[in-house]
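Since the structure comes first, as structure tokens, the remarks are kept for the end.
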Amino acid sequence: MQPFTDPVPDDLQLVAQWFVMNDDHLHQTFTWGLLHPRIVISQKLWASLDPAAQKAVLYHEAAHAMFFDPLQQVVLQIVAFALQPLGMGSLYRRYLLHREIVADGFAVSACAGDDTPLLSALLIAADSHASQVSDVGLLSALEARIYFLETHQLPPWRGPELKFHLISSSGVVLLVLGQGLLVWCH
């Protein structure tokens, strides 16, 4: 990784430290760092975007840094792992999708409401990640974000394991409340 040398809009310069990654085969960008966010953009992705799409990517990643998404993600990932039998893993994946959509909205606002630059960046990223799978409901995360930008609706959320987890979690809560009521009555 090397420091990002292209111009970053003035309102984003202090949001995070900006870096570029020399990777010849990945179109990716990410935000990391719990208290001091850092944003990394792959050179291949940056070179494949037009200036409007570059702006959308900068604002999308800046939104993650401004809202401390990496910190929230770590905390929620620990909770989701601890409460996996209660269906928290599925809710955690849905949270990740929600954070991406919020950051997408920030990028679209920065582009004066035009979602075309962000869509073009997402399509380039989706094309390079076609063989990778990210489980968010029934769609991959990139497909879900594109679906949301096109329809302004979250994708359907019908996982068979989620239904099982929610039913079993409800049963556990009812049993615990019932035991508590019996103890309280005696």
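If you're wondering about the labels, chains in the structure tokens are A, B, ... by order shown, residues count from 1 in each chain, ligands from 1 in order shown.
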
Q. Could you write out, as number ranges by chain, all the residues of segment 8-132 of chain A that DSSP marks as alpha helix (DSSP H)?
A. A: 43-48, 51-66, 69-82, 88-110, 116-128

Q) What is the distance, in Å and to one decimal place, between atom CA of Ala112 of chain A and atom CA of Ala62 of chain A? A) 16.4 Å

Q | Nearby residues (only C-alpha atoms) at most 10 Å from segment 47-56 of chain A, same-chain spacing under 5 positions excluded, as number ranges by chain | A | A: 8-9, 27, 42, 61-62, 103-111, 114-122, 124-125
